[in-house]
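Enquirer: Here you go, start-v1.cif (mmCIF, C-alpha atoms):
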data_input
loop_
_atom_site.label_atom_id
_atom_site.label_comp_id
_atom_site.auth_asym_id
_atom_site.auth_seq_id
_atom_site.Cartn_x
_atom_site.Cartn_y
_atom_site.Cartn_z
CA MET A 94 2.26 -14.13 -33.35
CA GLN A 95 4.83 -16.66 -32.28
CA SER A 96 6.06 -14.90 -29.18
CA ASN A 97 2.55 -14.44 -27.84
CA ASN A 98 2.01 -18.17 -27.66
CA ARG A 99 5.26 -18.67 -25.84
CA TYR A 100 4.16 -16.59 -22.85
CA ARG A 101 0.42 -17.37 -22.80
CA PRO A 102 -0.51 -18.17 -19.18
CA LEU A 103 -1.37 -21.62 -17.83
CA LYS A 104 1.31 -23.67 -19.51
CA ILE A 105 2.41 -27.00 -18.01
CA GLY A 106 5.50 -25.41 -16.48
CA ASP A 107 3.33 -23.00 -14.49
CA PHE A 108 1.49 -25.84 -12.82
CA VAL A 109 4.80 -27.57 -12.07
CA ILE A 110 6.06 -24.39 -10.39
CA ILE A 111 2.84 -23.97 -8.39
CA LEU A 112 2.97 -27.63 -7.31
CA ILE A 113 6.62 -27.34 -6.28
CA PHE A 114 5.92 -24.36 -4.05
CA LEU A 115 2.76 -25.87 -2.58
CA SER A 116 4.55 -29.10 -1.71
CA ALA A 117 7.50 -27.12 -0.32
CA LEU A 118 5.09 -25.68 2.25
CA PHE A 119 4.90 -29.11 3.89
CA PHE A 120 8.66 -29.46 4.12
CA ILE A 121 9.33 -26.23 5.97
CA PRO A 122 10.52 -27.59 9.32
CA ARG A 123 8.46 -26.74 12.36
CA VAL A 124 10.38 -27.01 15.59
CA GLU A 125 8.19 -27.69 18.56
CA GLY A 126 9.10 -25.65 21.59
CA LYS A 127 10.25 -26.97 24.95
CA LYS A 128 9.68 -24.05 27.30
CA VAL A 129 7.50 -21.02 27.55
CA ARG A 130 8.96 -17.74 28.74
CA VAL A 131 6.68 -15.02 30.05
CA ILE A 132 8.19 -11.55 30.28
CA VAL A 133 6.33 -8.84 32.19
CA ASP A 134 7.27 -5.24 31.42
CA LYS A 135 10.85 -6.32 30.54
CA GLU A 136 11.52 -6.80 34.26
CA LYS A 137 10.05 -10.03 35.57
CA GLU A 138 10.58 -13.29 33.75
CA PHE A 139 8.92 -16.63 34.30
CA ILE A 140 9.90 -19.86 32.56
CA TYR A 141 7.72 -22.97 32.51
CA PRO A 142 8.15 -26.32 30.74
CA LEU A 143 5.65 -26.92 27.95
CA ASN A 144 5.03 -30.57 28.82
CA GLU A 145 3.33 -29.87 32.16
CA ASP A 146 -0.27 -28.70 31.97
CA ARG A 147 -1.04 -25.72 34.18
CA ILE A 148 -2.85 -22.43 34.38
CA LEU A 149 -0.83 -19.33 35.22
CA LYS A 150 -2.14 -16.11 36.71
CA ILE A 151 0.29 -13.31 36.06
CA GLU A 152 -0.14 -9.70 37.03
CA GLY A 153 0.50 -7.31 34.18
CA LYS A 154 0.47 -3.55 33.93
CA ILE A 155 -3.32 -3.16 33.97
CA GLY A 156 -4.58 -6.39 35.47
CA ILE A 157 -4.32 -10.13 35.77
CA ILE A 158 -3.77 -12.29 32.72
CA MET A 159 -4.54 -16.02 32.72
CA ILE A 160 -2.35 -18.25 30.58
CA GLU A 161 -3.09 -21.91 29.94
CA ILE A 162 -0.41 -24.48 29.13
CA LYS A 163 -1.92 -27.71 27.84
CA ASP A 164 -0.69 -30.56 25.62
CA GLY A 165 2.48 -28.65 24.74
CA ARG A 166 0.58 -25.56 23.63
CA VAL A 167 0.03 -22.15 25.18
CA ARG A 168 -2.81 -19.64 24.99
CA VAL A 169 -4.22 -16.70 26.89
CA ILE A 170 -7.64 -17.57 28.31
CA GLU A 171 -8.44 -14.42 30.25
CA SER A 172 -7.14 -10.90 30.09
CA THR A 173 -8.17 -7.49 31.33
CA CYS A 174 -7.01 -5.65 28.23
CA PRO A 175 -9.65 -3.86 26.09
CA LEU A 176 -9.10 -5.42 22.68
CA LYS A 177 -8.34 -9.02 23.78
CA ILE A 178 -5.91 -9.46 20.91
CA CYS A 179 -3.79 -11.78 23.05
CA MET A 180 -6.80 -14.06 23.56
CA LYS A 181 -7.70 -14.01 19.85
CA MET A 182 -4.20 -15.15 18.89
CA GLY A 183 -5.16 -18.61 20.13
CA TRP A 184 -2.75 -21.48 20.68
CA ILE A 185 0.97 -21.31 19.98
CA LYS A 186 3.33 -24.26 20.16
CA ASN A 187 6.26 -23.88 17.77
CA LYS A 188 9.63 -22.43 18.64
CA GLY A 189 9.79 -18.72 17.93
CA GLU A 190 6.07 -18.09 18.12
CA GLN A 191 4.86 -15.33 20.41
CA ILE A 192 1.77 -13.87 22.02
CA VAL A 193 1.92 -10.23 22.99
CA CYS A 194 -0.43 -8.30 25.23
CA VAL A 195 0.56 -4.68 24.73
CA PRO A 196 -1.68 -3.02 27.37
CA ASN A 197 -0.43 -5.48 29.97
CA ARG A 198 3.18 -5.27 28.75
CA ILE A 199 3.33 -9.04 28.62
CA LEU A 200 5.29 -11.10 26.12
CA ILE A 201 4.85 -14.86 25.94
CA CYS A 202 7.33 -16.67 23.76
CA ILE A 203 8.10 -20.31 23.05
CA GLU A 204 11.68 -21.42 23.23
CA GLY A 205 13.66 -24.55 22.53
CA GLU A 206 16.33 -26.20 24.64
CA GLN A 207 18.83 -24.17 26.59
CA PHE A 208 21.72 -24.79 24.20
CA ASP A 209 19.76 -23.53 21.21
CA ALA A 210 20.89 -20.02 21.95
CA ILE A 211 24.52 -21.09 21.56
CA THR A 212 24.21 -23.35 18.54
CA GLU A 213 22.19 -20.81 16.65
CA MET B 273 17.57 -0.39 -32.01
CA GLN B 274 19.45 2.86 -31.76
CA LEU B 275 21.07 3.72 -28.47
CA GLN B 276 19.01 6.89 -28.03
CA ASN B 277 15.79 4.98 -28.65
CA ARG B 278 16.85 2.35 -26.20
CA ILE B 279 17.60 4.90 -23.50
CA ALA B 280 14.26 6.62 -24.10
CA HIS B 281 12.36 3.34 -23.93
CA ILE B 282 14.10 2.23 -20.73
CA SER B 283 13.41 5.63 -19.16
CA VAL B 284 9.70 5.37 -19.92
CA PHE B 285 9.58 1.90 -18.41
CA THR B 286 11.51 3.10 -15.36
CA ALA B 287 9.05 5.96 -14.88
CA ALA B 288 6.10 3.56 -15.16
CA THR B 289 7.70 1.10 -12.72
CA VAL B 290 8.47 3.78 -10.14
CA SER B 291 4.95 5.22 -10.45
CA LEU B 292 3.35 1.86 -9.80
CA PHE B 293 5.72 1.21 -6.90
CA VAL B 294 4.84 4.55 -5.28
CA ILE B 295 1.09 4.27 -5.94
CA GLU B 296 1.11 0.80 -4.47
CA SER B 297 2.86 1.99 -1.33
CA LEU B 298 0.05 4.52 -0.79
CA ILE B 299 -2.64 1.83 -0.66
CA PRO B 300 -3.33 0.88 2.95
CA ARG B 301 -2.82 -2.79 3.67
CA PRO B 302 -3.74 -5.09 6.51
CA VAL B 303 -0.27 -6.38 7.34
CA PRO B 304 2.99 -4.56 6.54
CA GLY B 305 5.08 -6.26 3.91
CA ILE B 306 2.25 -7.62 1.80
CA ARG B 307 2.12 -6.06 -1.65
CA LEU B 308 0.74 -7.12 -5.00
CA GLY B 309 4.05 -6.30 -6.63
CA LEU B 310 2.49 -4.38 -9.51
CA ALA B 311 5.84 -2.81 -10.39
CA ASN B 312 6.96 -6.29 -11.37
CA ILE B 313 4.65 -6.11 -14.40
CA PHE B 314 6.85 -3.51 -16.06
CA ILE B 315 10.07 -5.19 -15.01
CA LEU B 316 8.81 -8.36 -16.72
CA LEU B 317 8.02 -6.40 -19.88
CA VAL B 318 11.51 -4.87 -19.90
CA LEU B 319 12.96 -8.34 -19.41
CA LEU B 320 11.05 -9.70 -22.41
CA ASN B 321 11.52 -6.73 -24.75
CA TYR B 322 15.06 -5.60 -23.91
CA GLY B 323 16.94 -8.11 -21.77
CA TYR B 324 18.30 -8.98 -18.35
CA LYS B 325 20.71 -6.06 -17.89
CA GLU B 326 18.02 -3.51 -18.70
CA ALA B 327 15.53 -5.21 -16.38
CA LEU B 328 18.06 -5.24 -13.55
CA LEU B 329 18.74 -1.55 -14.14
CA VAL B 330 15.03 -0.71 -14.05
CA GLY B 331 14.60 -2.82 -10.91
CA ILE B 332 17.44 -1.12 -9.04
CA LEU B 333 16.25 2.31 -10.19
CA LYS B 334 12.75 1.40 -9.00
CA SER B 335 14.06 0.64 -5.51
CA VAL B 336 16.27 3.69 -5.28
CA ILE B 337 13.95 6.31 -6.83
CA GLY B 338 10.84 4.77 -5.29
CA SER B 339 12.45 4.80 -1.84
CA ILE B 340 13.46 8.44 -2.27
CA VAL B 341 9.89 9.36 -3.22
CA ILE B 342 8.26 7.57 -0.30
CA GLY B 343 11.04 8.68 2.04
CA ARG B 344 12.54 5.34 2.94
CA LEU B 345 15.98 5.55 1.39
CA PHE B 346 18.63 3.64 3.40
CA THR B 347 16.10 2.24 5.87
CA PRO B 348 15.67 -1.51 6.46
CA SER B 349 12.75 -1.57 4.02
CA PHE B 350 14.99 -0.14 1.29
CA LEU B 351 17.53 -2.88 1.93
CA LEU B 352 14.75 -5.48 1.67
CA SER B 353 13.35 -3.90 -1.48
CA ILE B 354 16.61 -3.72 -3.39
CA SER B 355 17.90 -7.16 -2.43
CA GLY B 356 14.53 -8.76 -3.22
CA THR B 357 14.48 -7.01 -6.59
CA ILE B 358 17.99 -8.05 -7.59
CA VAL B 359 17.36 -11.71 -6.72
CA SER B 360 13.94 -11.85 -8.36
CA VAL B 361 15.04 -10.16 -11.60
CA THR B 362 17.95 -12.61 -11.80
CA ILE B 363 15.68 -15.61 -11.26
CA MET B 364 13.17 -14.31 -13.80
CA GLY B 365 15.98 -13.65 -16.27
CA ILE B 366 17.09 -17.28 -15.96
CA ALA B 367 13.47 -18.42 -16.32
CA VAL B 368 12.94 -16.37 -19.50
CA ARG B 369 16.18 -17.68 -20.99
CA TYR B 370 15.88 -21.37 -20.12
CA GLY B 371 12.28 -21.99 -19.04
CA ARG B 372 10.74 -23.16 -22.30
CA GLY B 373 7.70 -24.66 -20.59
CA LEU B 374 6.97 -21.53 -18.57
CA SER B 375 4.51 -18.81 -19.46
CA LEU B 376 4.65 -15.26 -18.11
CA MET B 377 2.55 -16.48 -15.21
CA GLY B 378 5.10 -19.08 -14.12
CA ILE B 379 7.96 -16.64 -14.60
CA SER B 380 6.13 -14.04 -12.53
CA ILE B 381 5.40 -16.56 -9.77
CA LEU B 382 9.10 -17.45 -9.66
CA GLY B 383 9.93 -13.76 -9.39
CA ALA B 384 7.39 -13.13 -6.62
CA GLU B 385 8.52 -16.19 -4.66
CA SER B 386 12.21 -15.38 -4.91
CA HIS B 387 11.46 -11.78 -3.95
CA THR B 388 9.57 -12.72 -0.77
CA ILE B 389 11.81 -15.62 0.20
CA THR B 390 14.86 -13.35 -0.04
CA GLN B 391 13.16 -10.76 2.13
CA VAL B 392 12.00 -13.30 4.72
CA LEU B 393 15.53 -14.73 4.88
CA ILE B 394 17.03 -11.28 5.43
CA ILE B 395 14.42 -10.35 8.05
CA SER B 396 15.04 -13.62 9.89
CA VAL B 397 18.81 -13.40 9.83
CA LEU B 398 19.09 -9.69 10.66
CA PHE B 399 16.14 -8.97 12.91
CA LEU B 400 14.09 -11.87 14.23
CA GLY B 401 16.40 -14.87 14.49
CA LYS B 402 16.37 -18.13 12.56
CA ALA B 403 13.47 -19.65 14.49
CA SER B 404 11.06 -17.15 12.93
CA LEU B 405 11.57 -18.72 9.48
CA SER B 406 9.25 -21.63 10.25
CA PHE B 407 6.21 -19.45 10.86
CA LEU B 408 7.03 -16.57 8.49
CA LEU B 409 7.65 -18.62 5.36
CA PRO B 410 4.37 -20.57 4.88
CA PRO B 411 1.95 -17.61 4.68
CA PHE B 412 4.32 -15.55 2.53
CA VAL B 413 5.06 -18.42 0.13
CA LEU B 414 1.32 -18.98 -0.27
CA LEU B 415 0.57 -15.28 -0.80
CA SER B 416 3.34 -14.93 -3.37
CA LEU B 417 1.77 -17.70 -5.44
CA ILE B 418 -1.41 -15.63 -5.65
CA THR B 419 0.20 -12.22 -6.20
CA GLY B 420 2.68 -13.70 -8.67
CA SER B 421 -0.15 -15.20 -10.73
CA ILE B 422 -2.06 -11.92 -10.78
CA THR B 423 0.92 -9.83 -11.89
CA GLY B 424 1.94 -12.51 -14.41
CA ILE B 425 -1.47 -12.54 -16.09
CA SER B 426 -1.56 -8.72 -16.08
CA ALA B 427 1.90 -8.60 -17.61
CA TYR B 428 0.85 -11.02 -20.38
CA TRP B 429 -2.21 -8.94 -21.15
CA LEU B 430 -0.10 -5.77 -21.37
CA TYR B 431 2.55 -7.59 -23.38
CA THR B 432 0.09 -8.54 -26.15
CA LYS B 433 -1.32 -4.97 -26.22
CA LEU B 434 2.14 -3.42 -26.47
CA GLU B 435 3.21 -5.79 -29.20
CA ARG B 436 0.19 -4.87 -31.31
CA LYS B 437 0.94 -1.17 -30.81
CA VAL B 438 4.52 -1.64 -31.95
CA GLU B 439 3.38 -3.45 -35.10
CA ILE B 440 1.00 -0.64 -36.04
CA ALA B 441 3.66 1.97 -35.44
#
Could I get this file's structure written as structure tokens?
Expert:
Amino acid sequence: MQSNNRYRPLKIGDFVIILIFLSALFFIPRVEGKKVRVIVDKEKEFIYPLNEDRILKIEGKIGIIMIEIKDGRVRVIESTCPLKICMKMGWIKNKGEQIVCVPNRILICIEGEQFDAITE
Amino acid sequence: MQLQNRIAHISVFTAATVSLFVIESLIPRPVPGIRLGLANIFILLVLLNYGYKEALLVGILKSVIGSIVIGRLFTPSFLLSISGTIVSVTIMGIAVRYGRGLSLMGISILGAESHTITQVLIISVLFLGKASLSFLLPPFVLLSLITGSITGISAYWLYTKLERKVEIA
């Protein structure tokens, strides 16, 4: 059966395709953030630069949440929420990444320069 | 092939595609948006046995009828489904026509990748903003490689079975 052979899996072209997509993964640009914005219950907003190490204590809906900024990265180190999902999300550092703590109504997002909002 | 036969065949494939699409949407999954893309198996078979136009028709019917059945017609997920399908069927059609060195697996991977990349692009542009591309794309591109391979191998297996059946009949 001629046509069967044509479509039999694992031909050279398949590996070329797989390699192309795997290598493309490394070329997807990652934009490192410049600032971190913490929004509490859509009302209060705090903005901190990412290049200064510090530990923030912010009061959320159900308790105090501790956020660490270190080496241009951000994570939640302590939270009063039951599931601790915000703590498990670990470090974030690229523009557009977010940590959310739903019980505390806290949103932490990484942003770029001020003019990004206009150019994009 | 006679026109009536052709219509009957396409209808059977459409029914199979829609069924798989609906069954797959019933399976609970860890993260929304991740699917095996089983319906793509039948779209690939239509593409090989009948042609690009028929495959595109089955793909669009899959999105429309499938969305009606699971109650998501004209929601954002329907928009994602139909645009992803149109792009991926087109890419797979080109791959079948010109990709001499590609097997069904490679063609299926191309389809899966174009499907997800289209959807991620639309999600980023319409809902999340361009910055989300950089962290959405890598996991989805990686997952599509795996799901595309699985559906491609399944489609090849089914293709050989169907061909034997047709010869006997």
Enquirer: At a cut-off of 12 Å, list the chain A residues touching chain B, using only C-alpha atoms, as a PyMOL selection string.
Expert: chain A and resi 94-126+185-191+202-205+209-210+212-213
Enquirer: With the PyMOL selection byres ((chain A and resi 180) around 8) as the selection, what would be picked from this file? Answer as a count of residues only, please.
Expert: 11
Enquirer: Could you give me, as a list in words, the residues within 8 Å of stretch 350-360 of chain B, counting all atoms listed in the file and dropping anything in the same chain fewer than 2 positions from it?
Expert: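 Non-adjacent residues within range: Leu328, Gly331, Ile332, Ser335, Val336, Ser339, Arg344, Leu345, Phe346, Thr347, Pro348, Thr362, Ile363, Met364, Leu382, Gly383, Ala384, Glu385, Ser386, His387, Thr388, Thr390, Gln391 and Ile394 of chain B.
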Enquirer: Between atom CA of B:Thr423 and atom CA of B:Leu298, what is the distance, to one decimal in Å?
Expert: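 Interatomic distance here is 18.2 Å.
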Enquirer: So what do you get for atom CA of A:Trp184 versus atom CA of A:Leu143, distance-wise?
Expert: 12.4 Å
Enquirer: Give me the residues near A:Cys174 as a PyMOL selection string, where near means some atom within 8 Å (using only C-alpha atoms) and where sequence neighbours in that chain fewer than 3 positions away do not count.
Expert: chain A and resi 155-156+177+194+196-197
Enquirer: Grab the atom CA of A:Ile199 to atom CA of A:Arg130 distance for me, in Å with one decimal place.
Expert: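 Computing the Euclidean distance for atom CA of A:Ile199 and atom CA of A:Arg130 yields 10.4 Å.
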Enquirer: Go through the shown structure with the PyMOL selection byres ((chain A and resi 135) around 12) and write out the matching residues as a PDB file with C-alpha atoms, keeping the file's coordinate frame.
Expert:
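Okay, out-v1.pdb is ready:
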ATOM      1  CA  ARG A 130       8.960 -17.740  28.740  1.00  0.00           C
ATOM      2  CA  VAL A 131       6.680 -15.020  30.050  1.00  0.00           C
ATOM      3  CA  ILE A 132       8.190 -11.550  30.280  1.00  0.00           C
ATOM      4  CA  VAL A 133       6.330  -8.840  32.190  1.00  0.00           C
ATOM      5  CA  ASP A 134       7.270  -5.240  31.420  1.00  0.00           C
ATOM      6  CA  GLU A 136      11.520  -6.800  34.260  1.00  0.00           C
ATOM      7  CA  LYS A 137      10.050 -10.030  35.570  1.00  0.00           C
ATOM      8  CA  GLU A 138      10.580 -13.290  33.750  1.00  0.00           C
ATOM      9  CA  PHE A 139       8.920 -16.630  34.300  1.00  0.00           C
ATOM     10  CA  GLY A 153       0.500  -7.310  34.180  1.00  0.00           C
ATOM     11  CA  LYS A 154       0.470  -3.550  33.930  1.00  0.00           C
ATOM     12  CA  VAL A 195       0.560  -4.680  24.730  1.00  0.00           C
ATOM     13  CA  ASN A 197      -0.430  -5.480  29.970  1.00  0.00           C
ATOM     14  CA  ARG A 198       3.180  -5.270  28.750  1.00  0.00           C
ATOM     15  CA  ILE A 199       3.330  -9.040  28.620  1.00  0.00           C
ATOM     16  CA  LEU A 200       5.290 -11.100  26.120  1.00  0.00           C
ATOM     17  CA  ILE A 201       4.850 -14.860  25.940  1.00  0.00           C
TER      18      ILE A 201
END
Enquirer: Using the chain letters and numbers from this file, what does the PyMOL selection byres ((chain B and resi 292-295) around 10) select? Give the answer as a PyMOL selection string.
Expert: chain B and resi 286-291+296-299+307-314+334-335+337-342
Enquirer: Between B:Arg369, B:Leu393, B:Leu398, B:Ser349, single out the one closest to B:Gly305, counting only C-alpha atoms.
Expert: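 Of B:Arg369, B:Leu393, B:Leu398, B:Ser349, the one nearest B:Gly305, counting only C-alpha atoms, is B:Ser349.
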Enquirer: Pick from B:Tyr324, B:Phe285, B:Phe399, B:Phe412: nearest to B:Ile366, with all atoms listed in the file counted?
Expert: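 The answer is B:Tyr324, which sits nearest to B:Ile366.
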Enquirer: For a quick check of understanding, using only C-alpha atoms, which of B:Leu317, B:Leu333, B:Leu430, B:Val303 has the smallest distance to B:Ser283?
Expert: B:Leu333
Enquirer: Since the input lacks atoms, please generate N, CA and C atoms for stretch 101-119 of chain A and provide them as a PDB file, keeping the file's coordinate frame.
Expert:
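See part03.pdb below for the written result:
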ATOM      1  N   ARG A 101       1.838 -17.282 -23.191  1.00  0.00           N
ATOM      2  CA  ARG A 101       0.420 -17.370 -22.800  1.00  0.00           C
ATOM      3  C   ARG A 101       0.305 -18.125 -21.466  1.00  0.00           C
ATOM      4  N   PRO A 102      -0.445 -17.547 -20.512  1.00  0.00           N
ATOM      5  CA  PRO A 102      -0.510 -18.170 -19.180  1.00  0.00           C
ATOM      6  C   PRO A 102      -1.090 -19.584 -19.184  1.00  0.00           C
ATOM      7  N   LEU A 103      -0.876 -20.268 -18.077  1.00  0.00           N
ATOM      8  CA  LEU A 103      -1.370 -21.620 -17.830  1.00  0.00           C
ATOM      9  C   LEU A 103      -0.724 -22.661 -18.735  1.00  0.00           C
ATOM     10  N   LYS A 104       0.594 -22.592 -18.845  1.00  0.00           N
ATOM     11  CA  LYS A 104       1.310 -23.670 -19.510  1.00  0.00           C
ATOM     12  C   LYS A 104       1.664 -24.737 -18.454  1.00  0.00           C
ATOM     13  N   ILE A 105       2.118 -25.898 -18.948  1.00  0.00           N
ATOM     14  CA  ILE A 105       2.410 -27.000 -18.010  1.00  0.00           C
ATOM     15  C   ILE A 105       3.432 -26.565 -16.959  1.00  0.00           C
ATOM     16  N   GLY A 106       4.453 -25.842 -17.395  1.00  0.00           N
ATOM     17  CA  GLY A 106       5.500 -25.410 -16.480  1.00  0.00           C
ATOM     18  C   GLY A 106       4.972 -24.607 -15.309  1.00  0.00           C
ATOM     19  N   ASP A 107       3.924 -23.813 -15.569  1.00  0.00           N
ATOM     20  CA  ASP A 107       3.330 -23.000 -14.490  1.00  0.00           C
ATOM     21  C   ASP A 107       2.794 -23.886 -13.385  1.00  0.00           C
ATOM     22  N   PHE A 108       2.079 -24.938 -13.811  1.00  0.00           N
ATOM     23  CA  PHE A 108       1.490 -25.840 -12.820  1.00  0.00           C
ATOM     24  C   PHE A 108       2.589 -26.575 -12.044  1.00  0.00           C
ATOM     25  N   VAL A 109       3.680 -26.913 -12.757  1.00  0.00           N
ATOM     26  CA  VAL A 109       4.800 -27.570 -12.070  1.00  0.00           C
ATOM     27  C   VAL A 109       5.352 -26.644 -10.989  1.00  0.00           C
ATOM     28  N   ILE A 110       5.538 -25.371 -11.350  1.00  0.00           N
ATOM     29  CA  ILE A 110       6.060 -24.390 -10.390  1.00  0.00           C
ATOM     30  C   ILE A 110       5.126 -24.264  -9.184  1.00  0.00           C
ATOM     31  N   ILE A 111       3.818 -24.123  -9.477  1.00  0.00           N
ATOM     32  CA  ILE A 111       2.840 -23.970  -8.390  1.00  0.00           C
ATOM     33  C   ILE A 111       2.880 -25.198  -7.475  1.00  0.00           C
ATOM     34  N   LEU A 112       2.929 -26.391  -8.100  1.00  0.00           N
ATOM     35  CA  LEU A 112       2.970 -27.630  -7.310  1.00  0.00           C
ATOM     36  C   LEU A 112       4.229 -27.699  -6.448  1.00  0.00           C
ATOM     37  N   ILE A 113       5.359 -27.286  -7.034  1.00  0.00           N
ATOM     38  CA  ILE A 113       6.620 -27.340  -6.280  1.00  0.00           C
ATOM     39  C   ILE A 113       6.515 -26.473  -5.032  1.00  0.00           C
ATOM     40  N   PHE A 114       5.994 -25.247  -5.199  1.00  0.00           N
ATOM     41  CA  PHE A 114       5.920 -24.360  -4.050  1.00  0.00           C
ATOM     42  C   PHE A 114       4.896 -24.839  -3.024  1.00  0.00           C
ATOM     43  N   LEU A 115       3.767 -25.362  -3.515  1.00  0.00           N
ATOM     44  CA  LEU A 115       2.760 -25.870  -2.580  1.00  0.00           C
ATOM     45  C   LEU A 115       3.300 -27.035  -1.764  1.00  0.00           C
ATOM     46  N   SER A 116       4.027 -27.945  -2.447  1.00  0.00           N
ATOM     47  CA  SER A 116       4.550 -29.100  -1.710  1.00  0.00           C
ATOM     48  C   SER A 116       5.686 -28.664  -0.785  1.00  0.00           C
ATOM     49  N   ALA A 117       6.420 -27.596  -1.186  1.00  0.00           N
ATOM     50  CA  ALA A 117       7.500 -27.120  -0.320  1.00  0.00           C
ATOM     51  C   ALA A 117       6.964 -26.630   1.012  1.00  0.00           C
ATOM     52  N   LEU A 118       5.705 -26.169   1.008  1.00  0.00           N
ATOM     53  CA  LEU A 118       5.090 -25.680   2.250  1.00  0.00           C
ATOM     54  C   LEU A 118       5.106 -26.756   3.331  1.00  0.00           C
ATOM     55  N   PHE A 119       4.961 -28.022   2.902  1.00  0.00           N
ATOM     56  CA  PHE A 119       4.900 -29.110   3.890  1.00  0.00           C
ATOM     57  C   PHE A 119       6.267 -29.494   4.416  1.00  0.00           C
TER      58      PHE A 119
END
